[in-house]
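target.csv (CSV, C-alpha atoms)
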chain,number,residue,atom,x,y,z
O,29,MET,CA,0.0,0.0,0.0
O,30,PRO,CA,1.4,3.4,-0.9
O,31,SER,CA,2.6,5.6,2.0
O,32,ALA,CA,0.6,8.5,3.3
O,33,PHE,CA,1.4,12.1,2.6
O,34,ARG,CA,1.0,15.5,4.4
O,35,ILE,CA,1.3,19.1,3.3
O,36,ALA,CA,4.8,20.4,3.7
O,37,PRO,CA,5.1,22.7,6.7
O,38,ASP,CA,6.3,25.7,4.7
O,39,VAL,CA,3.4,25.3,2.2
O,40,ARG,CA,0.1,27.2,2.3
O,41,TYR,CA,-2.7,26.6,-0.2
O,42,ARG,CA,-6.2,27.8,-1.0
O,43,VAL,CA,-8.7,26.4,-3.5
O,44,ILE,CA,-10.2,29.2,-5.5
O,45,ASP,CA,-12.9,28.1,-7.9
O,46,ASP,CA,-11.5,24.9,-9.3
O,47,GLU,CA,-7.8,25.8,-9.0
O,48,ALA,CA,-5.4,25.4,-6.1
O,49,VAL,CA,-3.1,28.3,-5.4
O,50,VAL,CA,0.0,27.0,-3.6
O,51,VAL,CA,2.6,29.1,-1.9
O,52,ARG,CA,6.0,27.4,-1.3
O,53,GLN,CA,7.6,29.6,1.3
O,54,ARG,CA,11.0,28.0,1.2
O,55,GLU,CA,11.2,28.2,-2.6
O,56,GLY,CA,9.6,31.6,-2.5
O,57,ASP,CA,7.2,30.9,-5.3
O,58,VAL,CA,3.5,30.4,-6.1
O,59,LEU,CA,2.1,27.6,-8.1
O,60,VAL,CA,-1.4,27.0,-9.6
O,61,PHE,CA,-2.8,23.5,-10.0
O,62,ASN,CA,-5.9,22.3,-12.0
O,63,GLN,CA,-9.1,20.9,-10.6
O,64,VAL,CA,-8.0,17.3,-10.0
O,65,ALA,CA,-4.7,18.3,-8.4
O,66,ALA,CA,-6.5,20.9,-6.3
O,67,ARG,CA,-8.8,18.2,-5.0
O,68,VAL,CA,-5.8,15.9,-4.3
O,69,ILE,CA,-4.1,18.7,-2.3
O,70,GLN,CA,-7.3,19.3,-0.4
O,71,LEU,CA,-7.6,15.6,0.5
O,72,VAL,CA,-4.0,15.3,1.6
O,73,GLY,CA,-4.6,18.4,3.8
O,74,GLU,CA,-7.6,16.5,5.3
O,75,GLY,CA,-5.3,13.7,6.2
O,76,LEU,CA,-6.6,11.1,3.8
O,77,SER,CA,-4.4,8.2,2.6
O,78,PRO,CA,-3.6,7.8,-1.1
O,79,GLN,CA,-6.1,4.9,-1.2
O,80,GLN,CA,-8.9,7.1,0.3
O,81,ILE,CA,-7.9,10.0,-2.0
O,82,GLY,CA,-8.3,7.7,-5.0
O,83,ASP,CA,-11.7,6.5,-3.7
O,84,CYS,CA,-12.9,10.1,-3.3
O,85,ALA,CA,-11.6,11.1,-6.8
O,86,VAL,CA,-13.4,8.0,-8.3
O,87,ASP,CA,-16.7,9.2,-6.7
O,88,GLU,CA,-16.2,12.8,-7.7
O,89,PHE,CA,-14.8,12.8,-11.2
O,90,ASP,CA,-16.5,11.4,-14.3
O,91,ALA,CA,-13.7,9.2,-15.9
O,92,PRO,CA,-12.7,5.6,-15.9
O,93,GLU,CA,-11.6,4.4,-12.4
O,94,ALA,CA,-8.2,3.1,-13.5
O,95,MET,CA,-7.4,6.4,-15.2
O,96,ILE,CA,-8.4,8.5,-12.1
O,97,ARG,CA,-6.4,6.3,-9.8
O,98,GLU,CA,-3.4,6.6,-12.1
O,99,ASP,CA,-3.9,10.4,-12.2
O,100,VAL,CA,-4.0,10.6,-8.4
O,101,GLU,CA,-0.8,8.7,-8.1
O,102,THR,CA,0.9,10.8,-10.7
O,103,PHE,CA,-0.2,14.0,-9.0
O,104,LEU,CA,1.0,12.8,-5.6
O,105,ASP,CA,4.4,12.0,-7.1
O,106,GLU,CA,4.5,15.4,-8.8
O,107,LEU,CA,3.5,17.2,-5.6
O,108,GLU,CA,6.1,15.4,-3.7
O,109,SER,CA,8.8,16.3,-6.3
O,110,LEU,CA,7.7,19.9,-6.0
O,111,ASN,CA,8.0,19.7,-2.1
O,112,VAL,CA,4.3,20.6,-1.8
O,113,VAL,CA,3.6,17.3,0.0
O,114,GLU,CA,5.8,15.1,2.1
O,115,ARG,CA,5.8,11.3,2.4
O,116,LEU,CA,5.1,10.2,6.0
O,117,ALA,CA,6.5,6.7,5.7
O,118,PRO,CA,8.6,4.8,3.2
O,119,ALA,CA,6.7,3.4,0.3
O,120,GLY,CA,5.4,-0.1,0.9
O,121,GLN,CA,4.7,0.4,4.6
O,122,ASP,CA,1.4,1.2,6.2
O,123,SER,CA,1.4,4.5,8.1
N,29,MET,CA,19.6,31.5,20.7
N,30,ALA,CA,20.2,33.3,17.4
N,31,ASP,CA,19.9,31.5,14.1
N,32,ALA,CA,23.4,30.6,12.8
N,33,GLU,CA,22.7,31.9,9.3
N,34,PHE,CA,20.6,34.9,10.0
N,35,GLY,CA,22.5,38.2,9.6
N,36,SER,CA,25.8,36.5,8.9
N,37,TYR,CA,26.4,38.7,5.8
N,38,PHE,CA,25.6,42.0,7.5
N,39,LEU,CA,26.5,41.6,11.2
N,40,ALA,CA,30.0,41.3,12.6
N,41,ASN,CA,28.7,39.0,15.3
N,42,PRO,CA,25.3,37.5,14.3
N,43,GLY,CA,25.1,35.5,17.5
N,44,ALA,CA,25.0,38.7,19.5
N,45,PHE,CA,21.8,39.9,17.8
N,46,PRO,CA,19.8,41.7,20.6
N,47,GLU,CA,17.1,39.5,22.1
N,48,THR,CA,15.4,42.5,23.7
N,49,VAL,CA,14.8,46.1,22.6
N,50,GLU,CA,17.3,48.1,24.7
N,51,GLY,CA,20.3,50.3,24.1
N,52,GLU,CA,21.3,53.9,23.8
N,53,VAL,CA,18.9,56.2,21.9
N,54,TRP,CA,20.3,58.6,19.3
N,55,GLY,CA,18.3,61.5,20.7
N,56,ASP,CA,14.9,62.6,22.0
N,57,HIS,CA,13.3,63.5,18.7
N,58,ARG,CA,10.2,61.7,17.4
N,59,ARG,CA,8.2,61.6,14.3
N,60,LEU,CA,4.8,60.1,13.5
N,61,LEU,CA,4.2,58.9,10.0
N,62,ASP,CA,0.7,58.4,8.7
N,63,LEU,CA,1.4,55.5,6.4
N,64,PRO,CA,-0.9,52.6,5.3
N,65,GLY,CA,-0.8,50.0,8.0
N,66,GLY,CA,0.2,52.7,10.5
N,67,PRO,CA,0.6,55.2,12.0
N,68,PHE,CA,4.2,54.5,12.8
N,69,LEU,CA,5.9,56.4,15.6
N,70,ILE,CA,9.7,56.6,15.3
N,71,THR,CA,11.4,57.7,18.6
N,72,GLY,CA,15.0,58.0,19.8
N,73,LEU,CA,16.0,60.1,16.7
N,74,SER,CA,18.9,62.5,16.7
N,75,ALA,CA,18.2,66.0,15.4
N,76,SER,CA,19.8,65.3,12.0
N,77,GLN,CA,17.9,62.0,11.6
N,78,ALA,CA,14.6,63.9,12.4
N,79,ASP,CA,15.5,66.6,9.9
N,80,LEU,CA,16.2,64.0,7.3
N,81,MET,CA,12.8,62.4,7.9
N,82,ASP,CA,11.1,65.9,7.7
N,83,ARG,CA,12.7,66.4,4.3
N,84,GLU,CA,11.9,62.9,2.9
N,85,TYR,CA,8.5,62.3,4.4
N,86,ALA,CA,6.9,65.7,4.7
N,87,SER,CA,3.7,64.6,3.1
N,88,VAL,CA,3.0,61.8,5.7
N,89,ILE,CA,4.5,63.3,8.9
N,90,THR,CA,1.8,64.3,11.3
N,91,ALA,CA,1.8,65.8,14.8
N,92,VAL,CA,2.5,63.3,17.6
N,93,PRO,CA,-0.6,63.2,19.8
N,94,PRO,CA,-0.2,63.1,23.6
N,95,SER,CA,-1.3,59.5,23.5
N,96,SER,CA,-0.5,57.5,20.4
N,97,ASP,CA,-1.8,54.1,21.5
N,98,ASP,CA,-2.9,53.4,17.9
N,99,SER,CA,0.6,53.7,16.5
N,100,HIS,CA,3.3,51.2,16.2
N,101,GLU,CA,6.4,52.5,18.0
N,102,THR,CA,10.0,51.9,16.9
N,103,VAL,CA,12.9,53.3,18.9
N,104,VAL,CA,16.1,54.1,17.0
N,105,LEU,CA,19.2,52.9,18.9
N,106,ARG,CA,22.8,53.7,18.4
N,107,VAL,CA,25.4,51.0,17.7
N,108,GLN,CA,29.1,51.4,16.7
N,109,PRO,CA,30.0,50.9,13.0
N,110,GLY,CA,31.8,47.7,14.1
N,111,PHE,CA,28.4,46.1,14.9
N,112,PHE,CA,28.0,45.6,11.2
N,113,ARG,CA,30.3,43.6,8.9
N,114,GLU,CA,32.1,45.6,6.3
N,115,PHE,CA,31.6,44.6,2.7
N,116,ASP,CA,32.1,46.2,-0.7
N,117,ILE,CA,28.8,47.7,-1.8
N,118,GLU,CA,30.0,48.5,-5.3
N,119,GLY,CA,27.6,46.6,-7.6
N,120,TRP,CA,25.8,45.1,-4.6
N,121,GLU,CA,22.1,44.6,-5.1
N,122,TYR,CA,20.1,45.4,-2.0
N,123,THR,CA,19.1,42.4,0.0
N,124,LEU,CA,17.7,42.1,3.5
N,125,ASP,CA,17.9,39.2,5.9
N,126,LEU,CA,14.5,38.5,7.4
N,127,ASP,CA,13.8,36.0,10.1
N,128,SER,CA,10.1,35.6,10.9
N,129,ALA,CA,8.8,33.9,14.0
N,130,PRO,CA,5.2,33.9,15.5
N,131,ASP,CA,6.2,36.3,18.2
N,132,ARG,CA,8.8,38.6,16.5
N,133,LEU,CA,10.5,39.6,13.3
N,134,ARG,CA,14.3,40.1,13.0
N,135,LEU,CA,15.9,42.1,10.2
N,136,ALA,CA,19.5,42.7,9.2
N,137,THR,CA,20.9,44.5,6.2
N,138,LEU,CA,23.2,47.4,5.3
N,139,HIS,CA,23.6,49.8,8.3
N,140,PHE,CA,20.7,48.4,10.4
N,141,ALA,CA,19.3,45.6,12.4
N,142,ALA,CA,15.8,45.5,13.8
N,143,LEU,CA,13.8,43.4,16.3
N,144,VAL,CA,10.1,43.8,16.0
N,145,PRO,CA,8.1,42.0,18.7
N,146,TRP,CA,4.5,41.3,17.7
N,147,THR,CA,3.1,41.6,21.2
N,148,SER,CA,0.4,44.2,21.3
N,149,GLY,CA,1.9,47.6,22.3
N,150,ALA,CA,5.5,46.4,22.3
N,151,THR,CA,8.1,48.8,21.0
N,152,ALA,CA,10.4,47.7,18.1
N,153,GLY,CA,14.1,48.4,18.1
N,154,LEU,CA,16.1,49.7,15.1
N,155,TRP,CA,19.8,49.6,15.7
N,156,THR,CA,21.9,51.7,13.3
N,157,SER,CA,25.3,53.3,13.2
N,158,VAL,CA,24.4,56.1,10.8
N,159,GLU,CA,22.7,59.4,11.0
N,160,ASP,CA,23.8,61.1,7.8
N,161,ALA,CA,22.3,60.6,4.4
N,162,TRP,CA,22.6,56.8,4.8
N,163,PHE,CA,19.9,57.0,7.4
N,164,GLN,CA,17.4,57.8,4.7
N,165,GLY,CA,18.0,54.3,3.3
N,166,VAL,CA,17.9,52.8,6.7
N,167,ILE,CA,14.5,54.2,7.7
N,168,GLU,CA,12.9,53.7,4.2
N,169,ASN,CA,14.0,50.1,4.0
N,170,TYR,CA,12.8,49.5,7.5
N,171,LEU,CA,9.4,51.2,6.9
N,172,ARG,CA,8.8,49.2,3.7
N,173,VAL,CA,9.0,46.0,5.7
N,174,MET,CA,6.8,47.4,8.5
N,175,VAL,CA,4.2,48.7,6.1
N,176,ALA,CA,4.0,45.3,4.3
N,177,HIS,CA,3.5,43.4,7.6
N,178,ARG,CA,1.1,45.8,9.3
N,179,LEU,CA,-0.9,46.5,6.3
N,180,LEU,CA,-1.7,42.8,6.0
N,181,LEU,CA,-3.3,42.9,9.4
N,182,ARG,CA,-5.5,45.8,8.4
N,183,ASP,CA,-7.3,44.5,5.3
N,184,GLY,CA,-4.5,45.6,2.9
N,185,VAL,CA,-1.5,44.4,1.0
N,186,LEU,CA,1.7,45.9,-0.3
N,187,LEU,CA,2.4,45.0,-3.9
N,188,HIS,CA,5.5,45.5,-6.1
N,189,SER,CA,3.8,47.3,-8.9
N,190,ALA,CA,3.6,50.4,-11.1
N,191,GLY,CA,0.4,52.4,-10.3
N,192,ALA,CA,-1.2,54.9,-12.7
N,193,VAL,CA,-4.4,56.9,-12.3
N,194,ILE,CA,-6.6,57.0,-15.4
N,195,ASP,CA,-9.9,58.9,-15.3
N,196,GLY,CA,-9.9,58.9,-11.5
N,197,SER,CA,-9.3,55.2,-11.0
N,198,ALA,CA,-6.1,53.4,-10.1
N,199,TYR,CA,-4.6,50.6,-12.3
N,200,LEU,CA,-1.8,48.5,-11.0
N,201,PHE,CA,0.7,46.8,-13.3
N,202,ILE,CA,2.6,43.9,-11.8
N,203,GLY,CA,5.2,41.5,-13.0
N,204,ALA,CA,8.7,40.1,-12.4
N,205,SER,CA,11.7,42.4,-12.3
N,206,GLY,CA,12.3,43.6,-15.9
N,207,ALA,CA,8.7,43.1,-16.9
N,208,GLY,CA,8.3,46.8,-17.7
N,209,LYS,CA,6.8,48.4,-14.7
N,210,SER,CA,9.1,51.5,-14.7
N,211,THR,CA,8.8,51.8,-18.5
N,212,LEU,CA,5.1,51.8,-18.2
N,213,ALA,CA,5.1,54.3,-15.4
N,214,ARG,CA,7.3,56.6,-17.5
N,215,LYS,CA,5.0,56.3,-20.5
N,216,ALA,CA,2.0,57.1,-18.2
N,217,LEU,CA,3.8,60.2,-16.9
N,218,GLU,CA,4.7,61.3,-20.4
N,219,ALA,CA,1.1,60.9,-21.5
N,220,GLY,CA,-0.1,63.0,-18.6
N,221,ALA,CA,-1.5,60.3,-16.4
N,222,PRO,CA,-0.7,60.7,-12.7
N,223,VAL,CA,1.6,58.0,-11.4
N,224,LEU,CA,1.3,56.6,-7.8
N,225,SER,CA,4.6,54.7,-7.8
N,226,ASP,CA,6.7,52.7,-10.1
N,227,ASP,CA,7.8,50.3,-7.3
N,228,LEU,CA,5.5,49.8,-4.4
N,229,ASN,CA,1.8,50.5,-4.0
N,230,ALA,CA,-0.4,49.9,-0.9
N,231,VAL,CA,-3.8,48.4,-1.6
N,232,VAL,CA,-6.2,49.2,1.3
N,233,ASP,CA,-9.8,48.4,2.3
N,234,ILE,CA,-9.8,45.2,0.3
N,235,SER,CA,-13.0,43.8,1.9
N,236,ILE,CA,-14.9,47.1,1.6
N,237,LYS,CA,-13.8,48.9,-1.6
N,238,PRO,CA,-10.2,48.3,-2.7
N,239,ALA,CA,-8.2,51.4,-3.2
N,240,VAL,CA,-4.6,52.4,-3.6
N,241,ALA,CA,-3.0,54.6,-1.0
N,242,GLN,CA,-0.1,56.8,-1.7
N,243,LEU,CA,3.3,55.7,-0.3
N,244,PRO,CA,6.4,57.9,-0.2
N,245,PHE,CA,8.5,55.0,-1.4
N,246,THR,CA,9.1,54.9,-5.1
N,247,GLY,CA,11.6,53.4,-7.4
N,248,GLU,CA,13.3,55.1,-10.4
N,249,LEU,CA,10.7,57.8,-10.6
N,250,ARG,CA,11.0,58.8,-7.0
N,251,ASP,CA,10.9,62.5,-7.6
N,252,ARG,CA,8.3,62.3,-10.4
N,253,ALA,CA,5.5,60.4,-8.8
N,254,THR,CA,2.7,62.8,-9.2
N,255,PHE,CA,-0.2,61.6,-7.1
N,256,ASP,CA,-0.9,62.0,-3.4
N,257,GLY,CA,-3.8,60.4,-1.6
N,258,THR,CA,-6.0,57.4,-2.1
N,259,VAL,CA,-7.8,56.4,-5.2
N,260,PRO,CA,-10.2,53.5,-6.0
N,261,LEU,CA,-8.6,50.5,-7.6
N,262,ARG,CA,-10.1,49.4,-10.9
N,263,GLY,CA,-7.8,46.7,-12.2
N,264,ILE,CA,-4.6,44.8,-11.8
N,265,TYR,CA,-2.6,43.8,-14.9
N,266,VAL,CA,0.2,41.3,-15.1
N,267,LEU,CA,2.7,42.6,-17.6
N,268,LYS,CA,4.0,40.5,-20.5
N,269,GLN,CA,6.3,41.5,-23.3
N,270,GLY,CA,4.8,40.9,-26.7
N,271,VAL,CA,4.5,42.5,-30.1
N,272,SER,CA,1.1,44.3,-29.7
N,273,VAL,CA,-1.3,45.4,-27.0
N,274,ASP,CA,-3.7,42.8,-25.8
N,275,CYS,CA,-5.6,42.0,-22.6
N,276,GLU,CA,-6.5,38.5,-21.6
N,277,PRO,CA,-8.5,37.7,-18.4
N,278,LEU,CA,-7.0,35.5,-15.7
N,279,SER,CA,-8.9,32.9,-13.7
N,280,ARG,CA,-9.3,33.9,-10.0
N,281,GLY,CA,-6.7,31.3,-9.0
N,282,LYS,CA,-4.1,32.6,-11.4
N,283,ALA,CA,-5.0,36.2,-10.4
N,284,ALA,CA,-4.5,35.4,-6.7
N,285,ALA,CA,-1.2,33.7,-7.6
N,286,ALA,CA,0.0,36.7,-9.5
N,287,ILE,CA,-0.9,39.0,-6.6
N,288,LEU,CA,0.8,36.7,-4.1
N,289,ALA,CA,4.0,36.6,-6.1
N,290,THR,CA,4.3,40.3,-6.0
N,291,ALA,CA,3.7,40.9,-2.3
N,292,PRO,CA,7.2,41.7,-0.9
N,293,PHE,CA,8.7,40.5,2.4
N,294,ILE,CA,5.8,38.8,4.0
N,295,ASN,CA,5.9,35.8,1.8
N,296,ARG,CA,9.3,35.1,3.4
N,297,GLY,CA,7.8,33.8,6.6
N,298,VAL,CA,5.1,31.1,7.1
N,299,GLU,CA,3.5,33.1,10.0
N,300,ASN,CA,1.7,35.5,7.7
N,301,LEU,CA,1.2,33.2,4.7
N,302,ASP,CA,-2.4,32.2,5.6
N,303,THR,CA,-3.4,35.8,5.9
N,304,LEU,CA,-1.6,36.7,2.8
N,305,VAL,CA,-3.2,33.9,0.7
N,306,ALA,CA,-6.6,34.8,2.0
N,307,THR,CA,-6.0,38.5,1.2
N,308,ALA,CA,-4.8,37.7,-2.3
N,309,ALA,CA,-7.9,35.5,-2.9
N,310,SER,CA,-10.2,38.2,-1.6
N,311,LEU,CA,-8.6,40.9,-3.8
N,312,ALA,CA,-8.7,38.6,-6.9
N,313,GLY,CA,-12.4,38.1,-6.3
N,314,ARG,CA,-13.1,41.9,-6.1
N,315,ILE,CA,-10.9,43.3,-8.8
N,316,GLN,CA,-10.5,42.5,-12.5
N,317,VAL,CA,-7.1,40.9,-13.0
N,318,ALA,CA,-5.8,40.4,-16.5
N,319,ARG,CA,-2.6,39.7,-18.4
N,320,LEU,CA,-1.5,42.8,-20.4
N,321,THR,CA,0.7,42.1,-23.4
N,322,SER,CA,2.5,45.1,-24.9
N,323,ALA,CA,5.6,45.9,-26.8
N,324,LYS,CA,8.3,48.2,-25.5
N,325,ASP,CA,7.3,50.9,-27.9
N,326,SER,CA,3.5,50.5,-27.5
N,327,PRO,CA,2.1,54.0,-26.8
N,328,PHE,CA,0.5,54.6,-23.4
N,329,GLU,CA,-2.7,55.7,-25.2
N,330,GLU,CA,-3.1,52.3,-26.7
N,331,ILE,CA,-2.5,50.6,-23.3
N,332,ARG,CA,-5.0,53.0,-21.7
N,333,ARG,CA,-7.6,52.1,-24.3
N,334,ALA,CA,-7.0,48.4,-23.8
N,335,VAL,CA,-7.2,48.4,-20.0
N,336,GLN,CA,-10.2,50.7,-19.9
N,337,GLY,CA,-11.9,48.7,-22.7
N,338,PHE,CA,-11.2,45.5,-20.8
N,339,GLN,CA,-12.9,46.9,-17.7
N,340,GLY,CA,-15.9,47.8,-19.8
Let's see the structure in the file written out as structure tokens.
Amino acid sequence: MPSAFRIAPDVRYRVIDDEAVVVRQREGDVLVFNQVAARVIQLVGEGLSPQQIGDCAVDEFDAPEAMIREDVETFLDELESLNVVERLAPAGQDS
Amino acid sequence: MADAEFGSYFLANPGAFPETVEGEVWGDHRRLLDLPGGPFLITGLSASQADLMDREYASVITAVPPSSDDSHETVVLRVQPGFFREFDIEGWEYTLDLDSAPDRLRLATLHFAALVPWTSGATAGLWTSVEDAWFQGVIENYLRVMVAHRLLLRDGVLLHSAGAVIDGSAYLFIGASGAGKSTLARKALEAGAPVLSDDLNAVVDISIKPAVAQLPFTGELRDRATFDGTVPLRGIYVLKQGVSVDCEPLSRGKAAAAILATAPFINRGVENLDTLVATAASLAGRIQVARLTSAKDSPFEEIRRAVQGFQG
């Protein structure tokens, strides 16, 4: 099972309409994410696991389940590489 | 315990950064500045420091009332030149070390260090070794940071921007360094449009009716800014270099992001980020924000038509 994530301590975000505005204080920049990524960020902020985030996204977005789950994983990886979210435990371990 | 890196470029002994506001004042002069986010009471000034402030900030200096509970007080304290590290300023681009914590802000840069406690009613300390012309830079660079922080607590935000007044309304032009803010301000002046500032503008009353308040801090056009007072804000434009003049609306998210990216100083500490993000979102929801593409030689009249036409 993929490890859980949390919002990085130096990051603040706000969902405005369908976009997420993310401020990375350490990097000193501002990023804007689309609707699906915005929802993923919100759900990470609510403390949901990747599995739960995938479940929510499948319920909320009108697209094939496999594609949505793949998108969620891709977004989580991207958000981690951008230091927007942090992994709480090594991959492959429950957290 | 002082942070190991904070102030190391500017202070001879960063570890000795004062932990409380105390020391020897320069003198007994005081000045009250009516600036957005203020008023700001500056005490402990020498006669020459006070004279310098009178010359530079005549338009915003007001009488000090017997009780100025509403103001944020800063006492100017004397330190020896050796307090600061010597370095070659030839070609140096101004920077400022800023260390933000929930209970206080620390600053260190050329010729000054400051400790600003956020406790209500607490006096801030500004340590400097200069009282000559260098003091103008000290007080201005300090006040820029203070206005940015205090304004955010009072329904406003400071933005790196060029501001012009067209038909009684303010238009702010934002963008990265080199995007053309000063060029646009110069074109506005040449076309007879009053200019608020080509560097920093204070947006006030965001939740009521956003307006731009005059600041005595300007960039290249310092002596040519031609507008005093407060004027309703009509639009914010993100500058982009192109071949012709064109306006393109931004989504609220992208508009808020553009506003956030141009708010100086306060986005360097997490303590104020929530407020800053909320303020930018609020402003983006109340004011039309667009991307303005123009060429270097686009006449201001064409830009004026585009922004006014865009606003409808």
Up to 12 Å from chain O, what residues of chain N turn up? Count only C-alpha atoms and give them as a ChimeraX atom specification.
/N:128,204,278-313
Straight-line distance linking atom CA of Leu126 of chain N with atom CA of Phe34 of chain N, stated in Å to one decimal
7.5 Å
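Atom CA of Pro145 of chain N sits 10.2 Å away from atom CA of Thr102 of chain N.
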Tell me, as an MDAnalysis selection string, which residues lie within 12 Å of Gln79 of chain O, counting all atoms listed in the file; anything in the same chain fewer than 2 positions away does not count.
chainID O and resid 29:33 68 71:72 75:77 81:86 96:98 100:101 104 122:123
Selection from above, C-alpha atoms, as a short mmCIF file (atom, residue, chain, number, x, y, z; two decimals), keeping the file's coordinate frame, can you write it?
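Dumped everything to part11.cif:
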data_model
loop_
_atom_site.label_atom_id
_atom_site.label_comp_id
_atom_site.auth_asym_id
_atom_site.auth_seq_id
_atom_site.Cartn_x
_atom_site.Cartn_y
_atom_site.Cartn_z
CA MET O 29 0.00 0.00 0.00
CA PRO O 30 1.40 3.40 -0.90
CA SER O 31 2.60 5.60 2.00
CA ALA O 32 0.60 8.50 3.30
CA PHE O 33 1.40 12.10 2.60
CA VAL O 68 -5.80 15.90 -4.30
CA LEU O 71 -7.60 15.60 0.50
CA VAL O 72 -4.00 15.30 1.60
CA GLY O 75 -5.30 13.70 6.20
CA LEU O 76 -6.60 11.10 3.80
CA SER O 77 -4.40 8.20 2.60
CA ILE O 81 -7.90 10.00 -2.00
CA GLY O 82 -8.30 7.70 -5.00
CA ASP O 83 -11.70 6.50 -3.70
CA CYS O 84 -12.90 10.10 -3.30
CA ALA O 85 -11.60 11.10 -6.80
CA VAL O 86 -13.40 8.00 -8.30
CA ILE O 96 -8.40 8.50 -12.10
CA ARG O 97 -6.40 6.30 -9.80
CA GLU O 98 -3.40 6.60 -12.10
CA VAL O 100 -4.00 10.60 -8.40
CA GLU O 101 -0.80 8.70 -8.10
CA LEU O 104 1.00 12.80 -5.60
CA ASP O 122 1.40 1.20 6.20
CA SER O 123 1.40 4.50 8.10
#
Among the residues N:Asp183, N:Asp195, N:Glu168, N:Asp227, the one that comes closest to Ala239 of chain N [using all atoms listed in the file]
N:Asp183
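Distance check against Val64 of chain O using all atoms listed in the file: of O:Val112, O:Asp90, O:Ile35, O:Gln80, the minimum falls on O:Asp90.
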Computed interatomic separation between atom CA of Gly35 of chain N and atom CA of Ser225 of chain N (Å):
29.9 Å
Residues within 8 Å of segment 216-221 of chain N, only C-alpha atoms, excluding chain neighbours under 2 positions, as a count of residues only:
9
